[in-house]
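Enquirer: To start, I am sharing the structure in question, which I have written as structure tokens.
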Amino acid sequence: MSQPAHKQLQTVHNKLIAFIWSIADDYLRDVYVRGKYRDVILPMVVLRRLDSLLEPTKDKVLEEVAFQKESNFDEVDEDGLKDASGYVFYNTSKWTLKLLRETASNNQQILLANLEEYLHGYSDNVKEIIQCFDLFAQFKHMASKQVLLGVLEQFVSPYRNFSPNDKIDPDGNKIQGLSNLGMGYVFEELIRKFNEENNEEAGEHFTPREVIELMTHLIFDPLQGNLPPSITVYDPACGSGGMLTESQNFIIEKYPSTDYERSIYLYGKEINDETYAICKSDMMIKGNNPENIKVGSTLSANSFAGKHFDYMLSNPPYGKSWSNDKKDIMDGKEVGDSRFTVELADYWGTVSTEAATPRSSDGQLLFLMEMVDKMKATDSGSQGSRIASVHNGSSLFTGDAGSGESNIRRYIIENDYLEAIIQMPNNLFYNTGITTYIWLLSNNKPKSRQGKVQLIDASQMYRKLRKNLGDKNCEFSPTDIKAITQTYLDMATIERQPDDFNEKGDPIGIASQIFDNQDFGYYKVNIERPDRRHAQMRDELLESLRFDNQVSDAMSQLYDEFGDELYDKAFFTSQKEVLKEWAEKEDFGLSANQRKKLLDFKTWQSQLAILGYATSIRQAINDDISNEYSDDTLYTDFNVFTDLVKSIVKANGIKLKANELKQILDAVSWYDETGAKVIKSISTFKPEKLEDLTAHLGCSIDELADYGYYPAASVGIKNAKPNQYVIYESSADLRDSESIALGDSIHKYYLDEVKPHVDEAWIDGDSVKIGYEISFNKYFYQHKPLRSLTEVANELVELEQQADGLIAQILSAQTLSNSSSVEG
């Protein structure tokens, strides 16, 4: 009985992959370190594939070359050569790889020269691929090691078929042709295997086929027979082109056009030269325009500026720094690239341009914003755009309100682009075992989805692999893909029932919930408490003024090492290199600016001056016989102490800057809950200003105290005036922040959840920020009851018995071994 077609195809792939792998082991073992095999094998596979495609039309191309020479063309007519080859690439040399092998001698240098002529005969688009692979350098290296001819022989073996057409080998056996899709599988399987060998991140180049299949269903199935006649597909992190070619295959196979010829245009960008070369060659092989594939960083250069696409699919790198792209994205501290800015309204409704840039250690959401930037507008009658993008969990919740990550989520949800997020199983990808998610976006939602987001937990939808592939130990089955897709299409709410758990209490099957957009938003607001301080002008507190707050530890240790000589400019200047070497040797974790400050004589000079001012203030307090205080008095009311110091400074003509006075006051004071509240200011508001304040805070005059504005009369201020309010200093250490559901009343939350527990706390009305996050764990959490004590006890007894049995076996084996040794 013959094998099914897909099994036959898989057998062809596996045989070819095993053959190619054997070339590396047989010919390159002593020429390259194992991790470098890919530098030869991958470009040779690409070259052999292109060569096999051009073989049938080689004579036509040479005839066209001769014709153009005889006709004295001013420049090469590329269109004529492409027509002759039947592809968007060609080779004008007399050589094919087979001919090179057939005419080769044992002289590797002659073969190398012929190969160079052969490579130079390719069209520019192939030459770029050859250059990305640095292929000629590999040929030279193999020639110098006398293995070039052997490698070439293997790749042109009559027992192997790199062409799409069936052929007969020398023994009369049929060798099945390799389709374009099949060649793509071979490329990517080799990449995966080589990356696995090199312990690299295979997932940067290779997304499992069943994941791509699910993504294509989610992207295209909602439109079914309503796909446009001309389709553009874009992947901003295209790797070797798997997402693009699978999308094309899906459309052709699942939704063929019967009334007209549909055009599909594929676009992509890839930063890695090697995978770019593979993707571009794949585009050539399949008759797509290779010029639509760009090389370089998607983030630093907007290669498709002004262009918009119907469908976008991507698996961008996650957990990967974009620091190298910052110089092209940022303009100083501002974002200079409009792709990564968004228009957002603050709590009070004022719209401004905000940064949509995540932390520099993880750039995955920047790729999502790149795709959002490329969405087609719907006002011209188009269907808009649909996006499917794979992310890890950090895209869902990393970043506080007002951060770049939160701004991105907020922009996408508030503009009603987010349709659904699907949680996938762990260990589904080759390079990571972490949980991953598919984000589905559209700027043309059907009415039933408008204002809604569907979350689907498909983390338990998988089947185990018989053998792990890297970190990948499971896959989606066709049944899983169908179930997930149908759950999405039906916009179904599916809650797990008691039967949807296995004997261990773990969930099985699929779950789905529908949410309003607003459900993911929240207000982030600071809750303040008053600073209460004690103060005392003790020697050890004053002594700390020798050191600048930013580098106090380093200055303190340097002072312990060198003492008062640091205040001698001649010493400081002559010992600058010694001090520098000392600072670098000690591990203070200082920035460049902090090191500069530490080694600046002016820093030491100014701090000594501040210490002198503080000492003078203490002495003045002691000398003033009319003063009821002395230098060792403990002040429990910091307000009284501050007024005293200010009066001493003024009376004695001490020239202190505001920041220097603050440093002195901070140095000799500390938080103590028994201290009086520290007053920041006492302000009298005119009626119109008071009206503006209450309107800004959204409260009444009677509620102002809940926002930190206390009527002066109510807190014991003597001779308090009408409309006079006390504002207290807040304690940064006691500051708390609360997340309040979007749409709820901040003031009501404060009255219900804060004030009953901390009566003196108040709302910082100006701190309110709007954030968005999505927590799958919260929405799909299922309580798992603890096991009974009996179950736990029984398991411990069973484990103990197993351990005893194992120990007995070990002891028995050891006894026999010892006995054998004695007999011997």
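Labels used: A, B, ... for chains in the order of the structure tokens, numbers from 1 for residues in each chain, and numbers from 1 for ligands as shown.
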Can you list, as an NGL selection string, every protein, DNA or RNA residue that comes within 12 Å of A:Ser263 when you count only C-alpha atoms, leaving out same-chain residues fewer than 5 positions away?
Expert: :A and (227-233 or 248 or 251-252 or 256-257 or 287-289)
Enquirer: Residues of stretch 208-292 of chain A that have any atom at most 10 Å from an atom of stretch 122-144 of chain A: could you tabulate them with the shortest-distance atom pair and the distance in Å to one decimal, using only C-alpha atoms, ordered by chain and increasing number, as JSON lines?
Expert:
{"residue": "A:Asn272", "atom": "CA", "partner": "A:Cys132", "partner_atom": "CA", "distance": 9.1}
{"residue": "A:Asp273", "atom": "CA", "partner": "A:Cys132", "partner_atom": "CA", "distance": 5.3}
{"residue": "A:Glu274", "atom": "CA", "partner": "A:Phe133", "partner_atom": "CA", "distance": 5.9}
{"residue": "A:Thr275", "atom": "CA", "partner": "A:Cys132", "partner_atom": "CA", "distance": 9.2}
{"residue": "A:Tyr276", "atom": "CA", "partner": "A:Ile129", "partner_atom": "CA", "distance": 8.1}
{"residue": "A:Ala277", "atom": "CA", "partner": "A:Ile129", "partner_atom": "CA", "distance": 4.8}
{"residue": "A:Ile278", "atom": "CA", "partner": "A:Ile129", "partner_atom": "CA", "distance": 7.8}
{"residue": "A:Cys279", "atom": "CA", "partner": "A:Ile129", "partner_atom": "CA", "distance": 9.5}
{"residue": "A:Lys280", "atom": "CA", "partner": "A:Ile129", "partner_atom": "CA", "distance": 7.5}
{"residue": "A:Ser281", "atom": "CA", "partner": "A:Ile129", "partner_atom": "CA", "distance": 7.3}
{"residue": "A:Met284", "atom": "CA", "partner": "A:Val126", "partner_atom": "CA", "distance": 8.9}
{"residue": "A:Pro290", "atom": "CA", "partner": "A:Asn125", "partner_atom": "CA", "distance": 7.5}
{"residue": "A:Glu291", "atom": "CA", "partner": "A:Asn125", "partner_atom": "CA", "distance": 8.0}
Enquirer: May I have all residues of stretch 219-434 of chain A that DSSP, computed from the backbone, assigns to helix (DSSP H, G or I), given as a ChimeraX atom specification?
Expert: /A:219-220,224-226,242-254,273-285,290-292,323-329,338-340,364-373,394-397,404-414
Enquirer: Residues near stretch 421-438 of chain A, anyone? I mean within 7 Å using only C-alpha atoms, not counting same-chain ones fewer than 6 positions away, as an NGL selection string.
Expert: :A and (201-203 or 207-208 or 388-393 or 454-461 or 469-475)
Enquirer: Okay, now the selection with N, CA and C atoms, as a PDB file, in the first residue's frame?
Expert:
ATOM      1  N   GLU A 201      19.219  30.515  19.700  1.00  0.00           N
ATOM      2  CA  GLU A 201      17.778  30.680  19.814  1.00  0.00           C
ATOM      3  C   GLU A 201      17.129  30.393  18.468  1.00  0.00           C
ATOM      4  N   ALA A 202      16.741  29.140  18.279  1.00  0.00           N
ATOM      5  CA  ALA A 202      16.140  28.761  16.998  1.00  0.00           C
ATOM      6  C   ALA A 202      14.860  29.526  16.741  1.00  0.00           C
ATOM      7  N   GLY A 203      14.153  29.880  17.803  1.00  0.00           N
ATOM      8  CA  GLY A 203      12.876  30.568  17.638  1.00  0.00           C
ATOM      9  C   GLY A 203      12.999  31.929  16.995  1.00  0.00           C
ATOM     10  N   THR A 207       9.290  29.658  13.493  1.00  0.00           N
ATOM     11  CA  THR A 207       8.042  29.512  14.233  1.00  0.00           C
ATOM     12  C   THR A 207       7.409  28.191  13.820  1.00  0.00           C
ATOM     13  N   PRO A 208       6.993  27.364  14.780  1.00  0.00           N
ATOM     14  CA  PRO A 208       6.396  26.072  14.415  1.00  0.00           C
ATOM     15  C   PRO A 208       5.279  26.228  13.394  1.00  0.00           C
ATOM     16  N   ALA A 388      -1.843  39.537  13.264  1.00  0.00           N
ATOM     17  CA  ALA A 388      -1.624  38.456  14.233  1.00  0.00           C
ATOM     18  C   ALA A 388      -0.161  38.497  14.645  1.00  0.00           C
ATOM     19  N   SER A 389       0.104  38.655  15.932  1.00  0.00           N
ATOM     20  CA  SER A 389       1.475  38.812  16.410  1.00  0.00           C
ATOM     21  C   SER A 389       1.675  37.974  17.664  1.00  0.00           C
ATOM     22  N   VAL A 390       2.793  37.253  17.723  1.00  0.00           N
ATOM     23  CA  VAL A 390       3.107  36.392  18.870  1.00  0.00           C
ATOM     24  C   VAL A 390       3.942  37.171  19.890  1.00  0.00           C
ATOM     25  N   HIS A 391       3.566  37.070  21.164  1.00  0.00           N
ATOM     26  CA  HIS A 391       4.296  37.753  22.236  1.00  0.00           C
ATOM     27  C   HIS A 391       4.385  36.856  23.455  1.00  0.00           C
ATOM     28  N   ASN A 392       5.315  37.185  24.331  1.00  0.00           N
ATOM     29  CA  ASN A 392       5.321  36.501  25.619  1.00  0.00           C
ATOM     30  C   ASN A 392       4.487  37.297  26.611  1.00  0.00           C
ATOM     31  N   GLY A 393       4.463  36.853  27.856  1.00  0.00           N
ATOM     32  CA  GLY A 393       3.552  37.450  28.822  1.00  0.00           C
ATOM     33  C   GLY A 393       3.847  38.886  29.176  1.00  0.00           C
ATOM     34  N   GLN A 454     -11.868  39.498  23.272  1.00  0.00           N
ATOM     35  CA  GLN A 454     -12.031  38.092  23.631  1.00  0.00           C
ATOM     36  C   GLN A 454     -10.693  37.526  24.087  1.00  0.00           C
ATOM     37  N   LEU A 455     -10.697  36.894  25.242  1.00  0.00           N
ATOM     38  CA  LEU A 455      -9.520  36.194  25.731  1.00  0.00           C
ATOM     39  C   LEU A 455      -9.791  34.697  25.694  1.00  0.00           C
ATOM     40  N   ILE A 456      -8.892  33.960  25.055  1.00  0.00           N
ATOM     41  CA  ILE A 456      -9.050  32.516  24.904  1.00  0.00           C
ATOM     42  C   ILE A 456      -7.877  31.821  25.579  1.00  0.00           C
ATOM     43  N   ASP A 457      -8.177  30.937  26.511  1.00  0.00           N
ATOM     44  CA  ASP A 457      -7.147  30.129  27.157  1.00  0.00           C
ATOM     45  C   ASP A 457      -7.059  28.791  26.435  1.00  0.00           C
ATOM     46  N   ALA A 458      -6.074  28.692  25.535  1.00  0.00           N
ATOM     47  CA  ALA A 458      -5.853  27.444  24.792  1.00  0.00           C
ATOM     48  C   ALA A 458      -4.576  26.763  25.282  1.00  0.00           C
ATOM     49  N   SER A 459      -4.187  27.061  26.531  1.00  0.00           N
ATOM     50  CA  SER A 459      -2.921  26.542  27.047  1.00  0.00           C
ATOM     51  C   SER A 459      -2.943  25.029  27.244  1.00  0.00           C
ATOM     52  N   GLN A 460      -4.139  24.435  27.281  1.00  0.00           N
ATOM     53  CA  GLN A 460      -4.230  22.980  27.469  1.00  0.00           C
ATOM     54  C   GLN A 460      -4.575  22.257  26.168  1.00  0.00           C
ATOM     55  N   MET A 461      -4.547  22.971  25.061  1.00  0.00           N
ATOM     56  CA  MET A 461      -4.902  22.387  23.755  1.00  0.00           C
ATOM     57  C   MET A 461      -3.616  21.970  23.041  1.00  0.00           C
ATOM     58  N   LEU A 469      11.948  18.595  20.486  1.00  0.00           N
ATOM     59  CA  LEU A 469      12.737  19.331  19.500  1.00  0.00           C
ATOM     60  C   LEU A 469      13.182  20.624  20.167  1.00  0.00           C
ATOM     61  N   GLY A 470      14.398  20.613  20.727  1.00  0.00           N
ATOM     62  CA  GLY A 470      14.814  21.752  21.545  1.00  0.00           C
ATOM     63  C   GLY A 470      13.930  21.788  22.787  1.00  0.00           C
ATOM     64  N   ASP A 471      13.341  22.970  23.068  1.00  0.00           N
ATOM     65  CA  ASP A 471      12.407  23.093  24.187  1.00  0.00           C
ATOM     66  C   ASP A 471      11.001  22.634  23.806  1.00  0.00           C
ATOM     67  N   LYS A 472      10.763  22.415  22.557  1.00  0.00           N
ATOM     68  CA  LYS A 472       9.424  22.058  22.086  1.00  0.00           C
ATOM     69  C   LYS A 472       9.114  20.592  22.416  1.00  0.00           C
ATOM     70  N   ASN A 473       8.078  20.385  23.250  1.00  0.00           N
ATOM     71  CA  ASN A 473       7.680  19.016  23.575  1.00  0.00           C
ATOM     72  C   ASN A 473       6.221  18.722  23.253  1.00  0.00           C
ATOM     73  N   CYS A 474       5.552  19.704  22.595  1.00  0.00           N
ATOM     74  CA  CYS A 474       4.150  19.500  22.229  1.00  0.00           C
ATOM     75  C   CYS A 474       3.829  20.291  20.968  1.00  0.00           C
ATOM     76  N   GLU A 475       2.642  20.050  20.429  1.00  0.00           N
ATOM     77  CA  GLU A 475       2.216  20.753  19.226  1.00  0.00           C
ATOM     78  C   GLU A 475       0.698  20.835  19.189  1.00  0.00           C
TER      79      GLU A 475
END
Enquirer: Residues within 8 Å of stretch 51-55 of chain A, please, as a PyMOL selection string. Count only C-alpha atoms; anything in the same chain fewer than 6 positions from it doesn't count.
Expert: chain A and resi 85+90-91+96-97+162-164+285
Enquirer: Next, dump the selected residues to file, keeping only C-alpha atoms, as a short mmCIF file (atom, residue, chain, number, x, y, z; two decimals), in the first residue's frame.
Expert:
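Ended up saving to selection_26.cif:
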data_model
loop_
_atom_site.label_atom_id
_atom_site.label_comp_id
_atom_site.auth_asym_id
_atom_site.auth_seq_id
_atom_site.Cartn_x
_atom_site.Cartn_y
_atom_site.Cartn_z
CA SER A 85 15.05 32.04 -17.37
CA TYR A 90 19.17 34.43 -13.95
CA ASN A 91 22.79 33.40 -14.56
CA THR A 96 25.98 25.22 -14.01
CA LEU A 97 27.03 23.41 -10.84
CA PHE A 162 16.79 19.72 -5.60
CA SER A 163 14.45 20.63 -8.46
CA PRO A 164 10.64 20.84 -8.32
CA ILE A 285 12.06 30.38 -5.94
#
Enquirer: Using only C-alpha atoms, can you tell me which of A:Gly451, A:Gly239, A:Gly404, A:Gly363 comes closest to A:Ile191?
Expert: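 Of the candidates, the smallest distance to A:Ile191 is held by A:Gly239.
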